[in-house]
$ cat upload.cif   # mmCIF, C-alpha atoms
data_start
#
loop_
_atom_site.label_atom_id
_atom_site.label_comp_id
_atom_site.auth_asym_id
_atom_site.auth_seq_id
_atom_site.Cartn_x
_atom_site.Cartn_y
_atom_site.Cartn_z
CA MET R 775 177.22 41.14 160.06
CA ARG R 776 174.95 43.34 162.28
CA PRO R 777 176.25 46.65 161.02
CA LEU R 778 175.50 45.54 157.48
CA LYS R 779 171.84 44.84 158.36
CA SER R 780 171.56 48.23 160.00
CA ASN R 781 172.67 49.97 156.80
CA ARG R 782 170.07 48.09 154.78
CA ARG R 783 167.30 49.18 157.16
CA LYS R 784 168.44 52.81 156.94
CA LYS R 785 168.46 52.68 153.17
CA GLY R 786 164.92 51.23 153.10
CA THR R 787 163.64 53.89 155.47
CA LEU R 788 165.29 56.62 153.38
CA ASN R 789 163.70 55.30 150.17
CA ASN R 790 160.27 55.24 151.82
CA TYR R 791 160.75 58.83 152.98
CA ASN R 792 161.74 59.94 149.49
CA ARG R 793 158.63 58.29 148.02
CA ILE R 794 156.41 60.08 150.54
CA SER R 795 158.13 63.43 149.86
CA THR R 796 157.72 63.02 146.10
CA LYS R 797 154.02 62.24 146.48
CA LYS R 798 153.62 65.23 148.76
CA VAL R 799 155.34 67.57 146.31
CA SER R 800 153.27 66.18 143.44
CA PHE R 801 150.06 66.68 145.44
CA ILE R 802 150.98 70.29 146.27
CA ALA R 803 151.84 70.98 142.60
CA GLN R 804 148.53 69.51 141.48
CA ASN R 805 146.65 71.62 144.01
CA LYS R 806 148.54 74.72 142.89
CA THR R 807 147.73 74.06 139.22
CA PHE R 808 144.09 73.44 140.13
CA LEU R 809 143.90 76.70 142.07
CA ILE R 810 145.47 78.64 139.18
CA GLU R 811 143.05 77.12 136.67
CA LEU R 812 140.13 77.79 139.03
CA TRP R 813 141.23 81.42 139.41
CA GLN R 814 141.57 81.82 135.64
CA LEU R 815 138.13 80.30 135.12
CA LEU R 816 136.55 82.61 137.70
CA PHE R 817 138.34 85.65 136.27
CA PHE R 818 137.35 85.02 132.63
CA SER R 819 133.81 84.06 133.62
CA SER R 820 133.42 87.26 135.63
CA THR R 821 134.90 89.32 132.79
CA SER R 822 132.60 87.66 130.24
CA ILE R 823 129.54 88.24 132.39
CA PHE R 824 130.56 91.88 132.90
CA LEU R 825 131.06 92.40 129.14
CA ILE R 826 127.76 90.72 128.31
CA LEU R 827 125.91 92.89 130.80
CA SER R 828 127.69 96.02 129.54
CA PHE R 829 126.95 95.05 125.92
CA SER R 830 123.29 94.45 126.70
CA ASN R 831 123.04 97.75 128.53
CA GLN R 832 124.66 99.70 125.65
CA ALA R 833 122.86 97.78 122.89
CA TRP R 834 119.40 98.55 124.26
CA LYS R 835 120.18 102.14 125.17
CA PRO R 836 118.60 104.73 122.78
CA ILE R 837 121.15 106.49 120.58
CA GLY R 838 120.70 109.88 118.91
CA PHE R 839 122.23 111.55 115.86
CA ASP R 840 124.68 113.41 118.12
CA GLN R 841 126.44 110.08 118.56
CA THR R 842 126.99 109.74 114.80
CA LYS R 843 130.49 110.24 113.37
CA ILE R 844 130.57 111.27 109.68
CA THR R 845 133.53 111.36 107.27
CA GLY R 846 133.91 112.13 103.55
CA LEU R 847 131.67 115.20 103.34
CA SER R 848 132.43 118.00 100.88
CA GLY R 849 129.36 119.68 99.43
CA ILE R 850 126.85 117.73 101.49
CA THR R 851 126.71 118.97 105.09
CA LYS R 852 126.29 117.15 108.39
CA ASN R 853 122.93 118.88 108.72
CA ASP R 854 121.84 117.35 105.39
CA ILE R 855 122.69 113.90 106.76
CA LYS R 856 120.87 114.70 110.01
CA LYS R 857 117.67 115.75 108.23
CA THR R 858 117.75 112.75 105.91
CA THR R 859 118.33 110.18 108.66
CA SER R 860 115.97 111.74 111.22
CA ILE R 861 113.51 108.85 110.73
CA PHE R 862 116.09 106.43 112.19
CA PHE R 863 116.75 108.26 115.48
CA PRO R 864 116.48 107.89 118.40
CA LYS R 865 116.75 104.12 118.37
CA ASN R 866 118.84 101.51 120.16
CA LEU R 867 121.89 100.06 118.42
CA LEU R 868 120.41 96.60 117.92
CA GLU R 869 117.35 98.02 116.17
CA LEU R 870 119.39 100.21 113.79
CA ASN R 871 119.99 98.53 110.44
CA PRO R 872 123.17 99.89 108.74
CA LYS R 873 122.15 98.57 105.29
CA GLU R 874 118.77 100.27 105.54
CA ILE R 875 120.41 103.59 106.39
CA GLU R 876 122.88 103.20 103.48
CA SER R 877 120.10 102.54 100.96
CA TYR R 878 118.06 105.48 102.22
CA LEU R 879 120.98 107.92 102.03
CA ILE R 880 121.86 106.89 98.46
CA LYS R 881 118.21 107.29 97.47
CA LYS R 882 117.75 110.73 99.01
CA LEU R 883 121.15 112.41 98.50
CA PRO R 884 123.61 112.69 95.56
CA ILE R 885 125.86 110.01 97.02
CA LYS R 886 127.81 107.49 94.98
CA GLY R 887 128.55 105.21 97.92
CA VAL R 888 128.22 105.11 101.70
CA SER R 889 129.11 102.71 104.50
CA VAL R 890 127.38 102.68 107.88
CA SER R 891 128.63 100.72 110.89
CA ARG R 892 127.77 100.41 114.57
CA LYS R 893 130.18 100.70 117.50
CA PHE R 894 129.12 99.49 120.93
CA PHE R 895 131.96 100.78 123.13
CA PRO R 896 131.32 103.70 123.23
CA PRO R 897 127.94 103.50 121.47
CA GLU R 898 128.29 105.28 118.10
CA ILE R 899 127.21 105.17 114.48
CA HIS R 900 129.99 105.66 111.91
CA VAL R 901 129.03 106.97 108.45
CA ASN R 902 131.59 107.20 105.62
CA VAL R 903 130.29 109.07 102.54
CA LEU R 904 131.56 109.01 98.95
CA GLU R 905 130.04 111.99 97.14
CA ARG R 906 129.45 112.22 93.39
CA GLU R 907 132.09 114.27 91.58
CA PRO R 908 130.56 116.87 89.21
CA VAL R 909 131.94 117.16 85.67
CA ALA R 910 129.46 119.63 84.12
CA PHE R 911 126.84 122.22 84.94
CA ALA R 912 123.35 121.31 83.74
CA SER R 913 119.89 122.78 83.39
CA ARG R 914 116.55 120.99 83.08
CA ILE R 915 112.83 121.65 83.12
CA PHE R 916 111.40 120.31 86.36
CA SER R 917 107.76 120.88 87.37
CA SER R 918 107.46 123.51 84.62
CA ASN R 919 110.41 125.44 86.09
CA LEU R 920 114.01 125.76 84.97
CA GLU R 921 116.26 124.02 87.48
CA LYS R 922 120.04 124.36 87.59
CA GLY R 923 122.37 121.67 88.87
CA MET R 924 125.35 119.53 87.91
CA ILE R 925 125.98 115.99 86.71
CA ASP R 926 128.75 113.47 87.36
CA ILE R 927 130.57 111.20 84.91
CA GLU R 928 127.68 108.70 85.14
CA GLY R 929 125.14 111.32 84.09
CA SER R 930 123.50 111.45 87.52
CA TRP R 931 121.87 114.73 88.57
CA ILE R 932 123.40 116.69 91.47
CA PRO R 933 121.48 119.67 92.93
CA LEU R 934 123.69 122.75 92.85
CA ARG R 935 123.47 123.29 96.61
CA PHE R 936 125.30 120.01 97.22
CA VAL R 937 128.43 121.13 95.34
CA ASN R 938 130.85 123.50 97.07
CA LYS R 939 132.05 126.66 95.33
CA SER R 940 135.64 125.51 94.84
CA LYS R 941 134.48 122.54 92.75
CA GLN R 942 132.00 124.67 90.81
CA ASN R 943 134.75 127.12 89.85
CA LYS R 944 136.78 124.34 88.21
CA ILE R 945 133.99 123.21 85.85
CA LYS R 946 133.89 124.72 82.33
CA LEU R 947 131.43 122.38 80.60
CA SER R 948 127.63 122.81 80.65
CA ILE R 949 124.59 120.88 79.43
CA GLU R 950 121.45 122.65 78.25
CA ASN R 951 118.05 120.92 78.61
CA TRP R 952 119.41 117.81 80.33
CA ASN R 953 116.94 114.96 80.53
CA PRO R 954 117.25 111.32 81.59
CA ASP R 955 116.18 110.06 78.16
CA LYS R 956 119.48 111.37 76.75
CA LYS R 957 121.62 110.15 79.64
CA LYS R 958 123.40 107.50 77.57
CA GLU R 959 124.34 109.99 74.83
CA ILE R 960 125.47 112.62 77.33
CA ILE R 961 127.72 110.12 79.10
CA GLU R 962 129.23 109.08 75.77
CA ILE R 963 130.05 112.68 74.84
CA ILE R 964 131.46 113.55 78.27
CA LYS R 965 133.71 110.50 78.37
CA ASN R 966 135.16 111.47 74.97
CA ARG R 967 135.37 115.22 75.62
CA PHE R 968 139.17 115.26 75.68
CA ILE R 969 139.36 113.99 72.08
CA PHE R 970 138.07 117.32 70.79
CA GLN R 971 140.92 119.52 69.56
CA SER R 972 138.64 122.52 70.03
CA PRO R 973 137.72 122.29 73.75
CA LEU R 974 134.12 121.26 74.36
CA GLN R 975 132.11 123.99 76.12
CA LYS R 976 128.44 123.06 75.90
CA ILE R 977 126.09 120.17 75.07
CA LYS R 978 122.61 121.20 73.91
CA ILE R 979 119.45 119.13 73.53
CA ASN R 980 116.65 120.78 71.54
CA PRO R 981 112.89 120.06 71.90
CA LEU R 982 113.18 117.43 69.13
CA GLN R 983 115.81 115.63 71.26
CA GLU R 984 118.55 116.42 68.77
CA ILE R 985 122.04 116.97 70.15
CA SER R 986 124.38 119.80 69.24
CA LEU R 987 127.70 120.91 70.67
CA LYS R 988 129.49 124.20 71.20
CA THR R 989 133.27 124.22 71.19
CA GLU R 990 135.82 126.95 71.55
CA GLN R 991 135.99 127.39 67.77
CA PHE R 992 132.56 126.25 66.55
CA ASP R 993 129.29 127.81 67.72
CA SER R 994 127.14 124.83 66.79
CA VAL R 995 128.05 121.28 65.81
CA LEU R 996 124.98 119.21 64.92
CA LEU R 997 125.19 115.53 65.87
CA GLY R 998 121.56 114.47 65.40
CA LEU R 999 119.42 112.24 67.57
CA GLY R 1000 122.09 109.82 68.75
CA THR R 1001 125.81 109.28 69.26
CA ASP R 1002 126.24 106.00 67.36
CA ARG R 1003 128.88 107.65 65.16
CA LEU R 1004 130.30 110.00 67.78
CA ILE R 1005 133.98 109.08 67.36
CA GLU R 1006 133.69 109.45 63.59
CA GLN R 1007 131.99 112.82 64.05
CA ILE R 1008 134.69 114.04 66.45
CA ASN R 1009 137.45 112.95 64.06
CA LYS R 1010 135.77 114.78 61.18
CA LEU R 1011 135.39 117.92 63.29
CA ASN R 1012 139.10 117.76 64.19
CA GLN R 1013 139.99 117.45 60.50
CA LEU R 1014 137.83 120.45 59.64
CA GLN R 1015 139.46 122.50 62.34
CA LYS R 1016 142.86 121.92 60.75
CA SER R 1017 141.76 122.64 57.17
CA LEU R 1018 139.28 125.51 57.58
CA PRO R 1019 141.76 128.32 58.31
CA ASN R 1020 143.31 127.74 54.88
CA LEU R 1021 139.98 127.48 53.05
CA LEU R 1022 138.01 130.35 54.53
CA ILE R 1023 139.06 134.01 54.43
CA ASN R 1024 137.13 136.76 56.27
CA THR R 1025 134.42 134.25 57.19
CA LYS R 1026 133.31 132.48 60.34
CA VAL R 1027 131.75 129.05 60.62
CA LYS R 1028 128.41 129.29 62.42
CA ILE R 1029 127.13 125.72 62.06
CA VAL R 1030 128.82 122.40 61.27
CA ASP R 1031 126.30 119.72 60.35
CA LEU R 1032 127.82 116.32 61.15
CA LYS R 1033 124.65 114.24 61.22
CA ASP R 1034 126.31 112.40 58.34
CA PRO R 1035 130.03 112.72 59.10
CA SER R 1036 130.94 111.49 55.62
CA LYS R 1037 129.19 114.56 54.15
CA PRO R 1038 129.72 117.48 56.54
CA GLU R 1039 127.87 120.70 55.78
CA LEU R 1040 128.96 124.18 56.84
CA LYS R 1041 127.01 127.34 57.39
CA ILE R 1042 129.25 130.40 57.38
CA GLU R 1043 128.93 134.15 57.72
CA LYS R 1044 131.03 137.01 56.40
CA LEU R 1045 133.06 138.89 58.95
CA LEU R 1046 132.74 142.67 58.91
CA ASP R 1047 135.72 144.53 57.53
CA ASN R 1048 136.73 146.84 60.37
CA GLY R 1049 138.82 148.88 57.97
CA LYS R 1050 135.77 150.21 56.05
#

$ encode --input "upload.cif" --output "structure tokens"
Amino acid sequence: MRPLKSNRRKKGTLNNYNRISTKKVSFIAQNKTFLIELWQLLFFSSTSIFLILSFSNQAWKPIGFDQTKITGLSGITKNDIKKTTSIFFPKNLLELNPKEIESYLIKKLPIKGVSVSRKFFPPEIHVNVLEREPVAFASRIFSSNLEKGMIDIEGSWIPLRFVNKSKQNKIKLSIENWNPDKKKEIIEIIKNRFIFQSPLQKIKINPLQEISLKTEQFDSVLLGLGTDRLIEQINKLNQLQKSLPNLLINTKVKIVDLKDPSKPELKIEKLLDNGK
């Protein structure tokens, strides 16, 4: 019987030892987890403080135009942007208002759209420009002087110096005596210019604000004061172009009056006979 009691005591002692070992291991694991979490907390806190201090330092540091990155320029130059935005520099990043710069650029330059953003690391201003695309040359009276420029598909004026030569060389259409009062009519004609069978070359506005056109075949096509019947007028002109060669011999059409497209009127001149 004694040996049996001895085995029971050994088993009890062993169980107590195992419980103590398990508690010890658990305590060490908990301490290890705590130390890891403490280290992570200290690391991220230090990093956050460093970034905040760096951000504050960069945000309040004056920035000049030299730290501006510009994309999308064609006819407008970086120097044009620099002159226009000179009132905004030097200034710190937090004081710079991107929306204010965007509005000012659109107001002062022939720009259709622009986006301005700030970058803090490294401190920079990013400007992305969308220039207006010219579709016609134009002339206008400005301050009693004749000014030459171009317009886009929306009828907006573009000073000639803001359009590069390669784009200018591609444009064949011109507008004489452009003025903002006729902007709606000009836009309407330009948008429908490809309907003309005789390619459109010039849009003219006379002192009475009447509109006339010059095409490859017709020297002057009178439209009148407005373009309410423009499509009808273009269709009638196209019909005349097809029928006139068979109706007129040794003559040239000088003027086509389409103020009333249902009753077109022609002014013609005799061509000289080179054989006489």

$ resolve_selection --input "upload.cif" --expression "the PyMOL selection byres ((chain R and resi 997-1005) around 10)" --output "PDB file with C-alpha atoms, in the coordinates of the input"
ATOM      1  CA  LYS R 956     119.480 111.370  76.750  1.00  0.00           C
ATOM      2  CA  LYS R 958     123.400 107.500  77.570  1.00  0.00           C
ATOM      3  CA  GLU R 959     124.340 109.990  74.830  1.00  0.00           C
ATOM      4  CA  ILE R 960     125.470 112.620  77.330  1.00  0.00           C
ATOM      5  CA  GLU R 962     129.230 109.080  75.770  1.00  0.00           C
ATOM      6  CA  ILE R 963     130.050 112.680  74.840  1.00  0.00           C
ATOM      7  CA  ASN R 966     135.160 111.470  74.970  1.00  0.00           C
ATOM      8  CA  ILE R 969     139.360 113.990  72.080  1.00  0.00           C
ATOM      9  CA  PHE R 970     138.070 117.320  70.790  1.00  0.00           C
ATOM     10  CA  ILE R 979     119.450 119.130  73.530  1.00  0.00           C
ATOM     11  CA  ASN R 980     116.650 120.780  71.540  1.00  0.00           C
ATOM     12  CA  LEU R 982     113.180 117.430  69.130  1.00  0.00           C
ATOM     13  CA  GLN R 983     115.810 115.630  71.260  1.00  0.00           C
ATOM     14  CA  GLU R 984     118.550 116.420  68.770  1.00  0.00           C
ATOM     15  CA  ILE R 985     122.040 116.970  70.150  1.00  0.00           C
ATOM     16  CA  SER R 986     124.380 119.800  69.240  1.00  0.00           C
ATOM     17  CA  LEU R 987     127.700 120.910  70.670  1.00  0.00           C
ATOM     18  CA  SER R 994     127.140 124.830  66.790  1.00  0.00           C
ATOM     19  CA  VAL R 995     128.050 121.280  65.810  1.00  0.00           C
ATOM     20  CA  LEU R 996     124.980 119.210  64.920  1.00  0.00           C
ATOM     21  CA  GLU R1006     133.690 109.450  63.590  1.00  0.00           C
ATOM     22  CA  GLN R1007     131.990 112.820  64.050  1.00  0.00           C
ATOM     23  CA  ILE R1008     134.690 114.040  66.450  1.00  0.00           C
ATOM     24  CA  ASN R1009     137.450 112.950  64.060  1.00  0.00           C
ATOM     25  CA  LYS R1010     135.770 114.780  61.180  1.00  0.00           C
ATOM     26  CA  LEU R1011     135.390 117.920  63.290  1.00  0.00           C
ATOM     27  CA  VAL R1030     128.820 122.400  61.270  1.00  0.00           C
ATOM     28  CA  ASP R1031     126.300 119.720  60.350  1.00  0.00           C
ATOM     29  CA  LEU R1032     127.820 116.320  61.150  1.00  0.00           C
ATOM     30  CA  LYS R1033     124.650 114.240  61.220  1.00  0.00           C
ATOM     31  CA  ASP R1034     126.310 112.400  58.340  1.00  0.00           C
ATOM     32  CA  PRO R1035     130.030 112.720  59.100  1.00  0.00           C
TER      33      PRO R1035
END

$ resolve_selection --input "upload.cif" --expression "the PyMOL selection byres ((chain R and resi 874-886) around 6)" --output "mmCIF file with C-alpha atoms, keeping the file's coordinate frame"
data_model
loop_
_atom_site.group_PDB
_atom_site.id
_atom_site.type_symbol
_atom_site.label_atom_id
_atom_site.label_comp_id
_atom_site.auth_asym_id
_atom_site.auth_seq_id
_atom_site.Cartn_x
_atom_site.Cartn_y
_atom_site.Cartn_z
ATOM 1 C CA ASN R 871 119.990 98.530 110.440
ATOM 2 C CA PRO R 872 123.170 99.890 108.740
ATOM 3 C CA LYS R 873 122.150 98.570 105.290
ATOM 4 C CA GLY R 887 128.550 105.210 97.920
ATOM 5 C CA VAL R 888 128.220 105.110 101.700
ATOM 6 C CA LEU R 904 131.560 109.010 98.950
ATOM 7 C CA GLU R 905 130.040 111.990 97.140
ATOM 8 C CA ARG R 906 129.450 112.220 93.390
ATOM 9 C CA ILE R 932 123.400 116.690 91.470
#

$ closest_residue --input "upload.cif" --among "R:Asn951, R:Thr989, R:Asn943, R:Ser891" --to "Glu921 in chain R" --atoms "only C-alpha atoms"
R:Asn951

$ residues_around --input "upload.cif" --residues "Val909 in chain R" --least-positions-apart "3" --cutoff "10 Å" --atoms "all atoms listed in the file" --output "number ranges by chain"
R: 906, 912, 924-929, 941-942, 944-948, 964

$ write_last_selection --input "upload.cif" --atoms "C-alpha atoms" --output "tab-separated table (two decimals), in the coordinates of the input"
chain	number	residue	atom	x	y	z
R	906	ARG	CA	129.45	112.22	93.39
R	912	ALA	CA	123.35	121.31	83.74
R	924	MET	CA	125.35	119.53	87.91
R	925	ILE	CA	125.98	115.99	86.71
R	926	ASP	CA	128.75	113.47	87.36
R	927	ILE	CA	130.57	111.20	84.91
R	928	GLU	CA	127.68	108.70	85.14
R	929	GLY	CA	125.14	111.32	84.09
R	941	LYS	CA	134.48	122.54	92.75
R	942	GLN	CA	132.00	124.67	90.81
R	944	LYS	CA	136.78	124.34	88.21
R	945	ILE	CA	133.99	123.21	85.85
R	946	LYS	CA	133.89	124.72	82.33
R	947	LEU	CA	131.43	122.38	80.60
R	948	SER	CA	127.63	122.81	80.65
R	964	ILE	CA	131.46	113.55	78.27

$ atom_distance --input "upload.cif" --atom1 "CA of Thr859 in chain R" --atom2 "CA of Ser917 in chain R"
26.1 Å

$ atom_distance --input "upload.cif" --atom1 "CA of Lys843 in chain R" --atom2 "CA of Phe936 in chain R"
19.6 Å

$ closest_residue --input "upload.cif" --among "R:Lys1041, R:Glu907, R:Ser918, R:Ser1036" --to "Leu847 in chain R" --atoms "all atoms listed in the file"
R:Glu907

$ closest_residue --input "upload.cif" --among "R:Asn1012, R:Ser1017, R:Ser889, R:Asn919" --to "Gly846 in chain R" --atoms "all atoms listed in the file"
R:Ser889

$ closest_residue --input "upload.cif" --among "R:Val890, R:Val937, R:Val901, R:Leu1040" --to "Leu1014 in chain R" --atoms "only C-alpha atoms"
R:Leu1040

$ atom_distance --input "upload.cif" --atom1 "CA of Phe992 in chain R" --atom2 "CA of Ile961 in chain R"
21.0 Å

$ closest_residue --input "upload.cif" --among "R:Pro1038, R:Leu974, R:Thr842, R:Ile915" --to "Lys893 in chain R" --atoms "only C-alpha atoms"
R:Thr842
